[in-house]
Amino acid sequence: MGEPSKDIMVYAEFSAGVLHPVSLELLGKARELAQKTSSQVLSVIAGHGLSRAIDELVSRGADVVYAVDDPALDNFDAMLFQQNIVPIVRDVNPGVFLLGATPIGRSLGPRIAAELRTGMTADCTELDITPDGKLVQVRPAFAGNILATIQTGTRPQVATVRYRVMRPAERDPNRKGRVVMRDAVTLEPSANVLSRIRSKRMDISSAEVIVSAGRGLSKPEDLKMIGDLAEALGGIMGSSRPLVDDGWTLKEQQVGFSGNVVKPRLYIACGISGSPQHLFGMRDSEHVIAINKDPSAPIFKVADVGVAADLYEIVPLLVEELRRRRMKV
Amino acid sequence: MLFRGISTDLARLVTELPIPLRIIVLMKAVPDIEQVRFDEATGRIDRKNAQLEANPFDLNALEAAVRIKEQRGGTVTALSMGPPQAEAVLRDAIARGADRAILMTDEAFAGADTWATSMALMGGVKKLGDFHILFAGEKTVDGDTGQVGPETASMLSVTSECYVDSVDSVGEDSIVVTCDYGTHQYTKEVPFPCVISVTKNVASPRLPKLSDKMRARKASIEAWRASDISDFVDRRSLGTVGSPTHVIRIRTASERQKDCRMLSGDPAKVAKELADIVEGWISGGR
């Protein structure tokens, strides 16, 4: 293994026929970083039935795609994927290796970094690079209260990047790239898959309209009112952390640092005061409405429109009004 | 649905006399986030008033381990790396059903990032000897990386499953778990030895009884130093020295402020105004 290059390698996450959109966001960022260091964007992908995904990676900015395509890689298996990806990373020797901070990226990345005896930074929300190829990694810590800037002394500099934080790369169907098909090193799964079904987790991070409830709600039965508002707007119901902790709502509904980062077109916060950890998860929403009793609540600092009133006075009337209008149309 | 299948396994196992399972649970003492103060101006973290408590996810991992032990037989060892004050968390682990608790504490471990932490824990696990299942929590509430479980697994060259929502059964040489990797949910039979990183859904932690707390108070918490794992880990791979990543700057998260337009007055009028605004936003740009 010679000197590592300054090239940026992106792990393209592919599962059951689908390329995860975070991969395109990584390519967008990788192109930007590669421009600053005059280096190449590389991508590595493992799975089964990759041809369309490979084309997509090239048209979205990969200069070289390394691919391992085999039916045995159809199911995600962290150890098996590690065994097939590490030799490629060793050969290519990139300066930076990026993965999505998705469940798969967070399960696979640490295994790869550990084997390569290199440092890894989780959940980056900002990335930059110095001209000599040092990755400047920014990640939230302490429940989103602080942002830490981290550098890695070893190579490759491995990082996972939050989904929906970076802008996806533009598609250019005329872009050309090199594709290197590699044989699998091993096809022996590390665990025996008994069944695979679509995830039951609700994907709140891709919702267009989210209506979230917080501590302003006095009993769990009243969540129905929040659900009604979400339904009237064709959206889904989210929640602040305290309600999840109390078992009123589900973990997958949680918006915030330790839950989901959301960027809907409309976010309505009902009875949420706006802790730093909650604001972290929703402040990039296109439009925000906050309904909260306390006019000094931090949530109003990130809202476009606010109502300093009891949600019990406003929400039922709003639901009624929206339903009436919909009936008219 | 938790631990479904164990009772039928039990019936079979009674005749087969299974080997007792050796289960390890990785635990971390974390500051109570609610008590940590952040200085907006300097970006400094003040943990002085923050009590150390068990990382909540680790308690779910511990509960899963203890339930398996109770139904299947074996031992549960809680293993932690941290400052001497972390002993209280390990005492809590004993009260909640761990048989043995080890605190890896040494200046040489201080300042470790996830890689150096995993190196130390890998050394601790190797010193403990063969194991069947190593449980970890999905992530810690202070670091929030979720990296230590899979990094440690990789260093031990064993398989790992993360985001495990349930333990479905425990067999002679494998454990069946259901894990959710975001796009798909898998049920997998994972051979021993393995690392299982669990979500909060796996098992709700029990509240220790008074008698358990009394017993835990008298229990001895073993303290291991860097020299105790020197057969397995080079000192240069530990602590700040061994950490490939370094925090070079910290700032408080600044919020982008918006000019919030406040609506007030008669609730019915406010509701109408809100409906108008929402309709404008949703229909515009579509």
# chains A, B, ... in the order shown; residues from 1 in each chain; ligands from 1
call {"tool": "select_by_dssp", "arguments": {"residues": "region 236-322 of chain A", "states": "strand (DSSP E or B)", "output": "JSON, numbers by chain"}}
result
{"A": [236, 237, 238, 239, 254, 255, 260, 266, 267, 268, 269, 270, 287, 288, 289, 290, 291, 305, 306, 307]}
call {"tool": "interface_residues", "arguments": {"of": "chain B", "to": "chain A", "cutoff": "7 Å", "atoms": "only C-alpha atoms", "output": "PyMOL selection string"}}
result
chain B and resi 33+115+142-143+145+147+150-151+154-155+159-160+162+180-191+244-253+256-264+267-268+271-272+275
call {"tool": "write_last_selection", "arguments": {"atoms": "C-alpha atoms", "output": "PDB file, in the first residue's frame"}}
result
ATOM      1  CA  ILE B  33     -27.580  15.304  29.382  1.00  0.00           C
ATOM      2  CA  TRP B 115     -11.501   3.470  17.743  1.00  0.00           C
ATOM      3  CA  ASP B 142     -23.422  11.596  24.827  1.00  0.00           C
ATOM      4  CA  GLY B 143     -21.279  10.509  21.882  1.00  0.00           C
ATOM      5  CA  THR B 145     -21.944   7.519  17.263  1.00  0.00           C
ATOM      6  CA  GLN B 147     -19.677   2.917  16.389  1.00  0.00           C
ATOM      7  CA  PRO B 150     -19.466  -2.798  15.318  1.00  0.00           C
ATOM      8  CA  GLU B 151     -15.870  -1.526  15.673  1.00  0.00           C
ATOM      9  CA  SER B 154     -14.583  -6.036  13.681  1.00  0.00           C
ATOM     10  CA  MET B 155     -11.510  -5.986  15.920  1.00  0.00           C
ATOM     11  CA  THR B 159     -20.027 -11.000  13.079  1.00  0.00           C
ATOM     12  CA  SER B 160     -22.328  -8.211  14.238  1.00  0.00           C
ATOM     13  CA  CYS B 162     -27.053  -3.711  14.713  1.00  0.00           C
ATOM     14  CA  ASP B 180     -34.241  -3.172  11.126  1.00  0.00           C
ATOM     15  CA  TYR B 181     -31.743  -1.651   8.711  1.00  0.00           C
ATOM     16  CA  GLY B 182     -34.035   1.200   7.686  1.00  0.00           C
ATOM     17  CA  THR B 183     -35.184  -0.076   4.332  1.00  0.00           C
ATOM     18  CA  HIS B 184     -35.675  -3.697   5.336  1.00  0.00           C
ATOM     19  CA  GLN B 185     -36.283  -5.683   8.423  1.00  0.00           C
ATOM     20  CA  TYR B 186     -34.357  -8.935   8.669  1.00  0.00           C
ATOM     21  CA  THR B 187     -34.779 -11.931  10.898  1.00  0.00           C
ATOM     22  CA  LYS B 188     -31.396 -13.617  11.089  1.00  0.00           C
ATOM     23  CA  GLU B 189     -29.909 -16.625  12.756  1.00  0.00           C
ATOM     24  CA  VAL B 190     -26.551 -15.348  13.947  1.00  0.00           C
ATOM     25  CA  PRO B 191     -23.910 -17.905  14.944  1.00  0.00           C
ATOM     26  CA  PRO B 244      -6.907   8.616  15.228  1.00  0.00           C
ATOM     27  CA  THR B 245      -9.553  11.353  15.478  1.00  0.00           C
ATOM     28  CA  HIS B 246      -9.289  14.565  17.444  1.00  0.00           C
ATOM     29  CA  VAL B 247     -11.753  17.305  18.270  1.00  0.00           C
ATOM     30  CA  ILE B 248     -10.115  20.513  17.157  1.00  0.00           C
ATOM     31  CA  ARG B 249     -12.936  22.968  17.848  1.00  0.00           C
ATOM     32  CA  ILE B 250     -16.284  23.080  19.607  1.00  0.00           C
ATOM     33  CA  ARG B 251     -19.040  25.613  19.141  1.00  0.00           C
ATOM     34  CA  THR B 252     -22.592  25.807  20.358  1.00  0.00           C
ATOM     35  CA  ALA B 253     -25.192  25.062  17.743  1.00  0.00           C
ATOM     36  CA  ARG B 256     -30.897  30.294  12.111  1.00  0.00           C
ATOM     37  CA  GLN B 257     -33.427  32.827  13.314  1.00  0.00           C
ATOM     38  CA  LYS B 258     -36.547  33.595  11.368  1.00  0.00           C
ATOM     39  CA  ASP B 259     -38.804  36.615  11.729  1.00  0.00           C
ATOM     40  CA  CYS B 260     -41.788  34.917  13.194  1.00  0.00           C
ATOM     41  CA  ARG B 261     -45.128  36.470  12.357  1.00  0.00           C
ATOM     42  CA  MET B 262     -47.298  36.102  15.450  1.00  0.00           C
ATOM     43  CA  LEU B 263     -51.029  35.634  15.070  1.00  0.00           C
ATOM     44  CA  SER B 264     -53.345  36.541  17.913  1.00  0.00           C
ATOM     45  CA  PRO B 267     -59.125  31.461  18.035  1.00  0.00           C
ATOM     46  CA  ALA B 268     -61.636  30.950  15.211  1.00  0.00           C
ATOM     47  CA  ALA B 271     -57.600  29.133  12.701  1.00  0.00           C
ATOM     48  CA  LYS B 272     -58.933  30.669   9.465  1.00  0.00           C
ATOM     49  CA  ALA B 275     -55.715  27.625   7.060  1.00  0.00           C
TER      50      ALA B 275
END
call {"tool": "residues_around", "arguments": {"residues": "Ala86 (chain B)", "least_positions_apart": "2", "cutoff": "10 Å", "atoms": "only C-alpha atoms", "output": "list in words"}}
result
Met27, Lys28, Ala29, Val30, Leu52, Glu53, Ala54, Ser80, Met81, Gly82, Pro83, Pro84, Ala88, Val89, Leu90, Arg91, Leu103, Met104 and Thr105 of chain B
call {"tool": "residues_around", "arguments": {"residues": "Ile196 (chain B)", "least_positions_apart": "4", "cutoff": "8 Å", "atoms": "only C-alpha atoms", "output": "PyMOL selection string"}}
result
chain B and resi 133-136+149+160-162+164
